[in-house]
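Peer 1: File name run.txt; file contents compact mmCIF, C-alpha atoms; full text below.
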```txt
# COMPACT_ATOMS: atom_id res chain seq x y z
CA MET A 1 228.34 36.28 228.79
CA PHE A 2 231.03 35.98 226.11
CA TYR A 3 234.70 36.86 226.41
CA ARG A 4 237.20 38.11 223.88
CA LEU A 5 240.79 37.89 225.11
CA ARG A 6 243.90 39.79 224.14
CA PHE A 7 247.34 38.76 225.38
CA TYR A 8 250.86 38.14 224.10
CA LEU A 9 252.80 35.00 223.42
CA LEU A 10 256.34 35.60 224.61
CA SER A 11 258.75 33.27 222.85
CA MET A 12 262.46 33.77 223.40
CA SER A 13 263.39 36.65 221.15
CA PHE A 14 259.92 37.01 219.62
CA ALA A 15 256.78 38.69 220.95
CA LEU A 16 253.85 37.15 219.15
CA ALA A 17 250.78 39.35 219.31
CA CYS A 18 247.60 37.29 219.25
CA PHE A 19 244.29 38.30 217.77
CA SER A 20 241.96 40.57 219.67
CA THR A 21 239.29 40.24 217.02
CA SER A 22 238.32 37.38 214.75
CA ALA A 23 237.67 36.95 211.08
CA TYR A 24 235.03 34.33 211.94
CA ALA A 25 231.62 35.52 213.06
CA GLU A 26 231.18 32.53 215.37
CA ASP A 27 234.57 33.06 217.02
CA VAL A 28 233.54 33.75 220.58
CA LEU A 29 234.55 31.73 223.60
CA THR A 30 232.01 29.58 225.37
CA PRO A 31 231.25 30.96 228.85
CA GLU A 32 232.96 28.15 230.78
CA VAL A 33 236.16 28.39 228.75
CA GLY A 34 236.07 32.17 228.84
CA VAL A 35 235.88 32.31 232.63
CA ILE A 36 238.87 29.98 233.04
CA LEU A 37 240.99 31.75 230.44
CA GLN A 38 240.18 35.13 231.93
CA ARG A 39 241.51 33.78 235.20
CA ALA A 40 244.57 32.40 233.42
CA GLN A 41 245.19 35.74 231.74
CA THR A 42 245.09 37.51 235.09
CA ALA A 43 247.57 35.04 236.58
CA PHE A 44 249.79 35.38 233.54
CA GLY A 45 249.75 39.17 233.77
CA THR A 46 250.85 39.04 237.41
CA ARG A 47 253.53 36.43 236.64
CA HIS A 48 251.83 33.65 238.55
CA TYR A 49 252.75 31.22 235.82
CA ALA A 50 252.13 28.03 237.76
CA GLN A 51 248.53 29.15 238.41
CA ALA A 52 248.15 30.19 234.77
CA MET A 53 249.35 26.76 233.60
CA HIS A 54 246.94 25.09 236.03
CA ASP A 55 244.10 27.14 234.53
CA VAL A 56 245.18 26.24 230.97
CA LYS A 57 245.11 22.54 231.86
CA GLU A 58 241.69 23.00 233.40
CA ALA A 59 240.42 24.65 230.24
CA ASN A 60 241.89 21.87 228.11
CA ALA A 61 239.93 19.30 230.14
CA ILE A 62 236.56 20.81 229.27
CA ARG A 63 234.42 18.68 226.95
CA HIS A 64 232.51 19.92 223.94
CA MET A 65 234.75 22.86 223.12
CA SER A 66 234.54 24.81 219.87
CA ASP A 67 237.46 25.08 217.49
CA TYR A 68 237.88 28.66 218.59
CA ASP A 69 238.02 27.59 222.25
CA LYS A 70 240.82 25.17 221.40
CA TYR A 71 242.64 27.82 219.40
CA VAL A 72 242.64 30.43 222.17
CA ILE A 73 243.58 27.80 224.76
CA ALA A 74 246.56 26.91 222.55
CA GLN A 75 247.54 30.58 222.45
CA MET A 76 247.48 30.84 226.21
CA GLN A 77 249.29 27.51 226.59
CA ALA A 78 252.04 28.68 224.25
CA ALA A 79 252.50 31.89 226.23
CA VAL A 80 252.55 30.26 229.66
CA ALA A 81 254.59 27.20 228.69
CA THR A 82 257.20 29.43 227.09
CA GLN A 83 257.56 31.45 230.26
CA VAL A 84 257.93 28.43 232.55
CA GLY A 85 260.18 26.55 230.13
CA ASP A 86 257.78 23.66 229.57
CA VAL A 87 259.15 22.76 226.14
CA PRO A 88 256.79 19.86 225.27
CA ALA A 89 253.69 21.92 226.20
CA ALA A 90 254.95 24.96 224.31
CA LEU A 91 255.82 22.98 221.19
CA SER A 92 252.45 21.21 221.24
CA ALA A 93 250.70 24.58 221.37
CA TYR A 94 252.91 26.05 218.64
CA GLU A 95 252.17 23.14 216.36
CA GLU A 96 248.43 23.53 216.84
CA LEU A 97 248.59 27.23 216.13
CA ILE A 98 250.87 26.83 213.12
CA ASN A 99 248.57 24.27 211.52
CA SER A 100 245.38 26.23 212.19
CA PRO A 101 243.70 28.02 209.26
CA ARG A 102 242.91 30.80 211.76
CA THR A 103 246.59 31.75 211.93
CA SER A 104 247.67 34.42 209.47
CA LYS A 105 250.72 33.97 207.29
CA ASP A 106 252.61 36.63 209.22
CA MET A 107 251.78 34.99 212.55
CA ARG A 108 252.73 31.54 211.21
CA HIS A 109 256.07 33.03 210.16
CA LYS A 110 256.73 34.17 213.74
CA LEU A 111 255.40 30.97 215.30
CA LEU A 112 257.67 28.77 213.19
CA MET A 113 260.66 30.83 214.24
CA SER A 114 259.59 30.55 217.87
CA GLU A 115 258.95 26.82 217.60
CA ALA A 116 262.41 26.25 216.13
CA ASP A 117 264.02 28.43 218.80
CA MET A 118 262.12 26.77 221.65
CA ALA A 119 262.91 23.26 220.39
CA TYR A 120 266.57 24.15 220.02
CA ARG A 121 266.80 25.61 223.52
CA GLY A 122 264.99 22.57 224.85
CA LYS A 123 267.59 20.35 223.11
CA ASP A 124 264.94 18.73 220.91
CA TYR A 125 267.17 19.18 217.89
CA GLN A 126 265.17 16.98 215.53
CA ARG A 127 262.05 19.03 216.22
CA ALA A 128 264.07 22.21 215.70
CA ILE A 129 265.37 20.90 212.36
CA GLU A 130 261.84 20.07 211.19
CA ALA A 131 260.54 23.51 212.18
CA ILE A 132 263.44 25.29 210.47
CA GLN A 133 263.04 23.25 207.30
CA ARG A 134 259.32 24.01 207.21
CA TYR A 135 260.04 27.69 207.82
CA MET A 136 262.54 27.81 204.95
CA ARG A 137 260.14 25.98 202.60
CA GLU A 138 257.37 28.48 203.32
CA PHE A 139 259.30 31.71 203.82
CA GLY A 140 262.77 31.12 202.41
CA PRO A 141 266.14 30.94 204.16
CA THR A 142 267.53 33.60 206.48
CA PRO A 143 271.06 33.74 207.95
CA GLN A 144 269.64 33.27 211.45
CA MET A 145 267.60 30.19 210.56
CA GLN A 146 270.42 28.69 208.50
CA LEU A 147 272.80 29.05 211.44
CA LEU A 148 270.23 27.49 213.80
CA LEU A 149 269.81 24.58 211.38
CA VAL A 150 273.55 23.91 211.23
CA GLN A 151 273.81 24.19 215.01
CA SER A 152 270.93 21.74 215.44
CA TYR A 153 272.54 19.17 213.16
CA TYR A 154 275.88 19.66 214.90
CA LEU A 155 274.53 19.24 218.43
CA LYS A 156 272.55 16.23 217.22
CA LYS A 157 275.92 14.87 216.01
CA ASP A 158 274.54 14.53 212.50
CA TYR A 159 277.88 15.56 211.03
CA MET A 160 277.13 14.49 207.46
CA ASN A 161 274.19 16.86 207.32
CA VAL A 162 276.27 19.65 208.84
CA ILE A 163 278.76 19.34 205.99
CA GLN A 164 276.09 19.05 203.31
CA THR A 165 274.03 21.95 204.68
CA VAL A 166 277.03 24.28 204.98
CA LYS A 167 278.08 23.42 201.41
CA GLU A 168 274.61 24.41 200.18
CA ILE A 169 274.69 27.62 202.21
CA VAL A 170 278.13 28.54 200.86
CA ASP A 171 277.00 27.87 197.28
CA ALA A 172 273.95 30.08 197.79
CA ASP A 173 276.05 32.80 199.44
CA ASN A 174 278.50 32.74 196.54
CA ARG A 175 275.67 33.21 194.05
CA GLU A 176 274.48 36.25 196.01
CA TRP A 177 278.01 37.54 196.73
CA HIS A 178 277.48 37.06 200.45
CA LYS A 179 280.13 36.08 202.97
CA PRO A 180 279.40 32.75 204.74
CA GLN A 181 279.12 32.88 208.51
CA GLU A 182 282.34 31.92 210.25
CA SER A 183 280.63 29.75 212.86
CA GLU A 184 278.98 27.64 210.14
CA LEU A 185 282.34 27.00 208.52
CA GLN A 186 283.83 26.16 211.93
CA MET A 187 281.12 23.55 212.50
CA MET A 188 281.77 22.12 209.05
CA ALA A 189 285.45 21.72 209.93
CA ALA A 190 284.68 20.19 213.33
CA SER A 191 282.19 17.77 211.75
CA ALA A 192 284.74 16.63 209.19
CA THR A 193 287.23 16.09 212.01
CA ALA A 194 284.68 14.02 213.92
CA LEU A 195 284.10 11.89 210.80
CA HIS A 196 287.87 11.55 210.18
CA ASP A 197 287.23 12.96 206.70
CA SER A 198 290.49 14.73 205.90
CA ALA A 199 289.29 15.88 202.47
CA GLN A 200 286.22 17.65 203.85
CA GLU A 201 288.23 19.01 206.77
CA THR A 202 290.68 20.57 204.35
CA ARG A 203 287.87 22.05 202.29
CA ALA A 204 286.33 23.58 205.41
CA TYR A 205 289.60 25.22 206.39
CA LEU A 206 290.05 26.37 202.81
CA LEU A 207 286.76 28.23 203.11
CA LEU A 208 287.68 29.62 206.52
CA THR A 209 291.04 30.81 205.20
CA THR A 210 289.37 32.32 202.13
CA TYR A 211 286.83 34.38 204.06
CA TYR A 212 288.59 34.74 207.42
CA PRO A 213 292.36 34.56 206.70
CA ARG A 214 293.53 34.13 210.27
CA LYS A 215 296.90 32.62 211.11
CA GLU A 216 295.30 29.73 213.02
CA TYR A 217 293.21 28.71 210.00
CA TRP A 218 296.29 28.71 207.77
CA ALA A 219 298.02 26.46 210.29
CA LEU A 220 295.08 24.05 210.53
CA LEU A 221 294.65 24.01 206.78
CA LEU A 222 298.28 23.24 206.16
CA HIS A 223 298.20 20.56 208.84
CA GLY A 224 295.46 18.76 206.92
CA LEU A 225 297.57 18.76 203.78
CA ILE A 226 300.79 17.81 205.58
CA THR A 227 299.19 14.78 207.21
CA ASN A 228 297.49 13.59 204.02
CA ARG A 229 299.55 10.53 203.10
CA ASN A 230 297.53 9.83 199.98
CA LEU A 231 298.88 12.73 197.93
CA PRO A 232 300.97 11.75 194.89
CA LEU A 233 304.62 12.77 194.93
CA PRO A 234 304.27 15.94 192.80
CA LEU A 235 301.55 17.25 195.13
CA GLN A 236 303.64 16.45 198.20
CA LEU A 237 306.24 18.78 196.74
CA ASP A 238 303.57 21.40 196.09
CA VAL A 239 302.46 21.24 199.73
CA TYR A 240 306.01 22.16 200.73
CA ARG A 241 305.98 25.01 198.24
CA ILE A 242 302.79 26.60 199.57
CA ARG A 243 304.04 26.17 203.14
CA LEU A 244 307.20 28.00 202.18
CA ALA A 245 305.21 30.73 200.47
CA VAL A 246 302.92 31.46 203.44
CA GLY A 247 305.73 31.47 205.96
CA ASP A 248 305.04 28.16 207.66
CA MET A 249 307.90 26.96 209.84
CA LEU A 250 309.94 24.34 207.99
CA ARG A 251 312.62 22.18 209.53
CA PRO A 252 315.94 21.22 207.91
CA ALA A 253 314.47 17.78 207.19
CA ASP A 254 311.62 19.43 205.26
CA PHE A 255 314.04 21.30 203.01
CA MET A 256 316.01 18.14 202.42
CA ASN A 257 312.90 16.16 201.63
CA MET A 258 311.45 18.69 199.19
CA THR A 259 314.79 18.99 197.42
CA GLU A 260 315.05 15.23 197.03
CA ILE A 261 311.49 15.05 195.66
CA ALA A 262 312.19 17.83 193.15
CA LEU A 263 315.32 16.04 191.97
CA GLN A 264 313.42 12.78 191.68
CA LEU A 265 310.79 14.57 189.56
CA GLN A 266 313.57 15.95 187.34
CA MET A 267 313.07 19.58 188.38
CA PRO A 268 316.65 20.47 189.30
CA GLN A 269 316.39 24.26 189.29
CA LEU A 270 313.35 24.10 191.54
CA ALA A 271 315.32 21.81 193.88
CA LEU A 272 318.24 24.22 193.95
CA ASP A 273 316.00 27.25 194.50
CA MET A 274 314.41 25.62 197.54
CA MET A 275 317.80 24.69 198.95
CA THR A 276 318.90 28.28 198.46
CA GLN A 277 315.87 29.53 200.38
CA GLY A 278 316.74 27.16 203.21
CA TYR A 279 320.22 28.65 203.43
CA GLN A 280 318.87 32.20 203.23
CA LEU A 281 316.51 31.47 206.11
CA LYS A 282 319.47 29.99 208.03
CA VAL A 283 317.59 26.73 208.43
CA LEU A 284 320.24 24.92 206.40
CA GLY A 285 324.00 25.07 206.72
CA VAL A 286 324.12 24.83 210.50
CA GLY A 287 324.30 21.96 212.93
CA ALA A 288 325.32 18.34 212.59
CA GLU A 289 323.62 17.91 209.19
CA ALA A 290 325.39 20.83 207.51
CA ALA A 291 327.79 18.61 205.56
CA ARG A 292 324.98 16.39 204.25
CA GLN A 293 323.01 19.45 203.27
CA ALA A 294 325.99 20.83 201.39
CA ARG A 295 326.33 17.56 199.44
CA LEU A 296 322.67 17.67 198.45
CA LYS A 297 323.02 21.28 197.30
CA ALA A 298 326.05 20.32 195.22
CA MET A 299 324.03 17.48 193.70
CA ALA A 300 321.26 19.93 192.78
CA GLU A 301 323.77 22.34 191.23
CA LYS A 302 325.23 19.54 189.10
CA ALA A 303 321.75 18.46 188.00
CA VAL A 304 320.94 22.03 186.96
CA ALA A 305 324.11 22.28 184.88
CA GLU A 306 323.39 18.98 183.14
CA ALA A 307 319.75 19.90 182.46
CA LYS A 308 320.72 23.25 180.93
CA ALA A 309 323.34 21.60 178.75
CA GLY A 310 320.82 19.08 177.45
CA ARG A 311 317.86 21.44 176.99
CA ILE A 312 317.78 21.39 173.18
CA GLY A 313 317.99 17.62 172.94
CA ALA A 314 315.37 17.14 175.66
CA GLU A 315 312.96 19.44 173.81
CA ILE A 316 313.42 17.63 170.50
CA GLN A 317 312.83 14.24 172.11
CA ALA A 318 309.81 15.50 174.03
CA LYS A 319 308.15 16.95 170.93
CA ALA A 320 308.54 13.61 169.16
CA GLN A 321 306.54 11.77 171.83
CA LYS A 322 302.83 11.07 171.43
CA THR A 323 301.85 12.51 174.81
CA GLY A 324 302.78 15.86 176.26
CA ASP A 325 304.20 14.78 179.63
CA ALA A 326 307.86 15.10 178.72
CA LEU A 327 307.27 18.35 176.83
CA PHE A 328 305.43 19.81 179.80
CA LEU A 329 308.39 19.03 182.05
CA VAL A 330 310.81 20.62 179.57
CA GLY A 331 308.65 23.74 179.45
CA TYR A 332 308.35 23.93 183.21
CA ASN A 333 312.10 23.61 183.64
CA ASP A 334 312.58 26.36 181.08
CA VAL A 335 310.43 28.64 183.23
CA THR A 336 312.56 27.85 186.28
CA PHE A 337 315.69 28.56 184.21
CA GLY A 338 314.35 32.04 183.42
CA GLU A 339 313.09 31.29 179.89
CA THR A 340 309.52 32.05 181.00
CA GLN A 341 307.76 32.85 177.72
CA LYS A 342 309.30 29.93 175.87
CA GLY A 343 308.59 27.60 178.78
CA LEU A 344 304.97 28.70 179.12
CA ALA A 345 304.42 28.17 175.39
CA LEU A 346 305.82 24.62 175.59
CA MET A 347 303.62 23.85 178.60
CA GLN A 348 300.54 25.00 176.70
CA GLN A 349 301.52 22.83 173.72
CA ALA A 350 301.96 19.87 176.04
CA LEU A 351 298.49 20.33 177.54
CA LYS A 352 296.97 20.34 174.06
CA LYS A 353 298.76 17.07 173.23
CA GLY A 354 297.45 15.57 176.44
CA VAL A 355 299.14 14.67 179.71
CA ARG A 356 298.65 11.85 182.18
CA HIS A 357 297.60 14.06 185.10
CA PRO A 358 296.00 17.20 183.62
CA ASP A 359 294.92 18.67 186.97
CA ILE A 360 298.43 18.52 188.40
CA ALA A 361 299.71 19.97 185.13
CA ARG A 362 297.28 22.91 185.37
CA LEU A 363 298.41 23.48 188.94
CA HIS A 364 302.02 23.64 187.77
CA LEU A 365 301.04 25.88 184.88
CA GLY A 366 299.57 28.27 187.44
CA LEU A 367 302.80 28.14 189.41
CA ALA A 368 304.76 28.84 186.25
CA TYR A 369 302.57 31.87 185.49
CA MET A 370 303.11 33.02 189.07
CA GLN A 371 306.89 32.71 188.70
CA ALA A 372 306.62 34.72 185.48
CA GLY A 373 304.83 37.48 187.40
CA GLN A 374 301.50 36.88 185.62
CA ARG A 375 299.19 36.82 188.65
CA LYS A 376 295.83 36.90 186.83
CA GLN A 377 296.82 34.08 184.51
CA ALA A 378 298.04 32.08 187.50
CA ILE A 379 294.72 32.44 189.30
CA ALA A 380 292.83 31.58 186.11
CA ALA A 381 294.86 28.37 185.74
CA PHE A 382 294.25 27.41 189.37
CA GLU A 383 290.53 28.02 188.97
CA THR A 384 290.28 25.43 186.15
CA ILE A 385 291.06 22.61 188.61
CA PRO A 386 287.82 20.85 189.65
CA GLU A 387 286.87 20.32 193.28
CA THR A 388 287.05 16.56 192.81
CA SER A 389 290.77 16.73 192.01
CA ALA A 390 293.51 15.99 194.53
CA ALA A 391 295.20 19.18 193.29
CA TYR A 392 292.16 21.34 194.10
CA ASP A 393 293.02 22.11 197.72
CA ILE A 394 296.55 23.27 196.89
CA ALA A 395 295.26 25.36 193.98
CA ARG A 396 292.74 27.04 196.29
CA LEU A 397 295.56 27.85 198.71
CA TRP A 398 297.48 29.62 195.99
CA ILE A 399 294.37 31.53 194.95
CA ILE A 400 293.90 32.65 198.56
CA LYS A 401 297.56 33.58 198.85
CA LEU A 402 297.53 35.56 195.62
CA SER A 403 294.18 37.22 196.46
CA HIS A 404 295.54 38.49 199.76
CA THR A 405 298.86 39.64 198.36
```
Represent the structure of the file as structure tokens.
Peer 2:
Amino acid sequence: MFYRLRFYLLSMSFALACFSTSAYAEDVLTPEVGVILQRAQTAFGTRHYAQAMHDVKEANAIRHMSDYDKYVIAQMQAAVATQVGDVPAALSAYEELINSPRTSKDMRHKLLMSEADMAYRGKDYQRAIEAIQRYMREFGPTPQMQLLLVQSYYLKKDYMNVIQTVKEIVDADNREWHKPQESELQMMAASATALHDSAQETRAYLLLTTYYPRKEYWALLLHGLITNRNLPLPLQLDVYRIRLAVGDMLRPADFMNMTEIALQLQMPQLALDMMTQGYQLKVLGVGAEAARQARLKAMAEKAVAEAKAGRIGAEIQAKAQKTGDALFLVGYNDVTFGETQKGLALMQQALKKGVRHPDIARLHLGLAYMQAGQRKQAIAAFETIPETSAAYDIARLWIIKLSHT
């Protein structure tokens, strides 16, 4: 007597229907195997899973089985092991079924998803990663499988691969105009934190702020920039400027520090404007430091007067120089003085001559366009700054700020 069995493999969120008929003429169970599996099916149907697993093991112990016997035993083992949470037994059965030529493409698709899910839930993250990667090679990526892959790397504490995988996902999402999943970006940020990689941490929070502009992400993003001690002086000033623009809480010492940096960089009007904002916000001009703050403001006012008086001479000298650094500064100061079109033209000339730090210059060009009320040109200038540049993160912040305005 021969038996043909029909049952279902229940795997987490998937119900995998097994074959009730076969494409192979010889695909019939041998009597001994059929009797045992019929008994196992009955136990499975009545939720006596321990008995069903016992029967599966008994069937597996039979000698001289056909390939079809082994295949159907693997089906039953996958179903029972999944129900009882026997991860190694379930994964072993999944692997046998996945690799069998008897398994259709559609069934292999479902089995790979189930194998990845079972391995993940069983905390066998490496096995989950391998199953997901095979799934994506054969069937392409899906948001669910991508998220499971990132989670598996993260729980395995393979933080480098978390960061790399999320970058690839974001790139692919951008090409398709899709929004990256927030949890993936969160894991990227947490992985960068675990690796003490401030640059990658900042980039992760940039992405989070871009797609999910929550107040807490702005705060975390700014924190990464504030604590980055490797930024050159001009970019330190620019960090203060974006903090001021997004409403971050600044202390009197911050206003004093940014003013001093601006004066040191020979940007007197910018220094004075920031001092003025500090007074308008009532952060400056009160308390024990009020007199010192007043002296610094007076110093900025004097520097502005001197710079305006010497504008023509400074421009002539700057144009005579081989590089454009001095000319760029003259143009930028002109913008801050209100001579926006003239200043922007000089800045463009300076960039064509060549400057020592072109990425920082393009960042400041964007800020000059922004001050001139030319939002699109500002964003375009920020977008020219490459990801490898130290100015990139600040430029991205301004793009986010301008995009949400």
Peer 1: With a distance cut-off of 12 Å and all atoms listed in the file, select the neighbouring residues of Asp106 of chain A, excluding the residue or stretch itself and same-chain residues fewer than 2 positions from it, and output the selection as a list of chain:residue names.
Peer 2: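 Close residues of Asp106 of chain A: A:Leu16, A:Ala17, A:Cys18, A:Ile98, A:Arg102, A:Thr103, A:Ser104, A:Arg108, A:His109, A:Lys110, A:Leu111, A:Leu112, A:Met113, A:Tyr135, A:Glu138, A:Phe139.
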Peer 1: Would you mind telling me which residue in A:Thr30, A:Thr388, A:Gln236, A:Asn99 lies nearest to His64 of chain A when using all atoms listed in the file?
Peer 2: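 When distances to His64 of chain A are compared using all atoms listed in the file, the smallest one comes from A:Thr30.
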Peer 1: Would you write out, as a Markdown table, a table of all residues in segment 53-171 of chain A that have an atom no more than 10 Å from an atom of segment 193-216 of chain A, listing for each the closest atom pair and the distance in Å to one decimal, considering all atoms listed in the file and ordering rows by chain and rising residue number?
Peer 2:
```
| residue | atom | partner | partner_atom | distance |
| --- | --- | --- | --- | --- |
| A:Lys157 | CA | A:Ala194 | CA | 9.0 |
| A:Tyr159 | CA | A:Leu195 | CA | 7.2 |
| A:Met160 | CA | A:Leu195 | CA | 8.2 |
| A:Ile163 | CA | A:Gln200 | CA | 7.9 |
| A:Val166 | CA | A:Ala204 | CA | 9.3 |
| A:Lys167 | CA | A:Ala204 | CA | 9.2 |
| A:Val170 | CA | A:Leu207 | CA | 8.9 |
```
Peer 1: Which residues are close to Met275 of chain A, i.e. within 8 Å by only C-alpha atoms, leaving aside same-chain residues fewer than 2 positions away? Reply as a VMD selection string.
Peer 2: chain A and resid 255 to 256 259 271 to 273 277 to 279 284 297
Peer 1: Env of Met267 of chain A: 12 Å cut, atoms = only C-alpha atoms, seq-sep filter 4 positions within chain, self excluded. Answer as a PyMOL selection string.
Peer 2: chain A and resi 234+237+258-263+271-274+300-301+303-308+326+328-337+364
Peer 1: May I ask which of the residues A:Leu327, A:Ala320, A:Leu148, A:Ala368 is the closest one to Val355 of chain A, counting only C-alpha atoms?
Peer 2: A:Leu327
Peer 1: Which residues, written as number ranges by chain, have at least one atom at most 8 Å from Arg127 of chain A, with all atoms listed in the file counted and residues fewer than 5 positions away on the same chain left out?
Peer 2: A: 116, 119-120
Peer 1: Can you tell me how far atom CA of Leu225 of chain A sits from atom CA of Gln374 of chain A, in Å to one decimal?
Peer 2: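 Answer for the atom CA of Leu225 of chain A to atom CA of Gln374 of chain A separation: 26.0 Å.
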Peer 1: Could you state the separation of atom CA of Val72 of chain A and atom CA of Val35 of chain A in Å, given to one decimal place?
Peer 2: 12.6 Å
Peer 1: Which one is closest to Lys282 of chain A: A:Arg311, A:Arg251, A:His357, A:Arg229? Count all atoms listed in the file.
Peer 2: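 Closest to Lys282 of chain A, using all atoms listed in the file: A:Arg251.
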Peer 1: Atom CA of Leu363 of chain A and atom CA of Ala395 of chain A, how far apart in Å?
Peer 2: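 About the pair atom CA of Ala395 of chain A and atom CA of Leu363 of chain A: they are 6.2 Å apart.
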Peer 1: Between A:Leu235, A:Arg295, A:Val283, A:Glu182, which residue has the minimum interatomic distance to Asp254 of chain A, considering all atoms listed in the file?
Peer 2: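 Nearest candidate to Asp254 of chain A out of A:Leu235, A:Arg295, A:Val283, A:Glu182: A:Val283.
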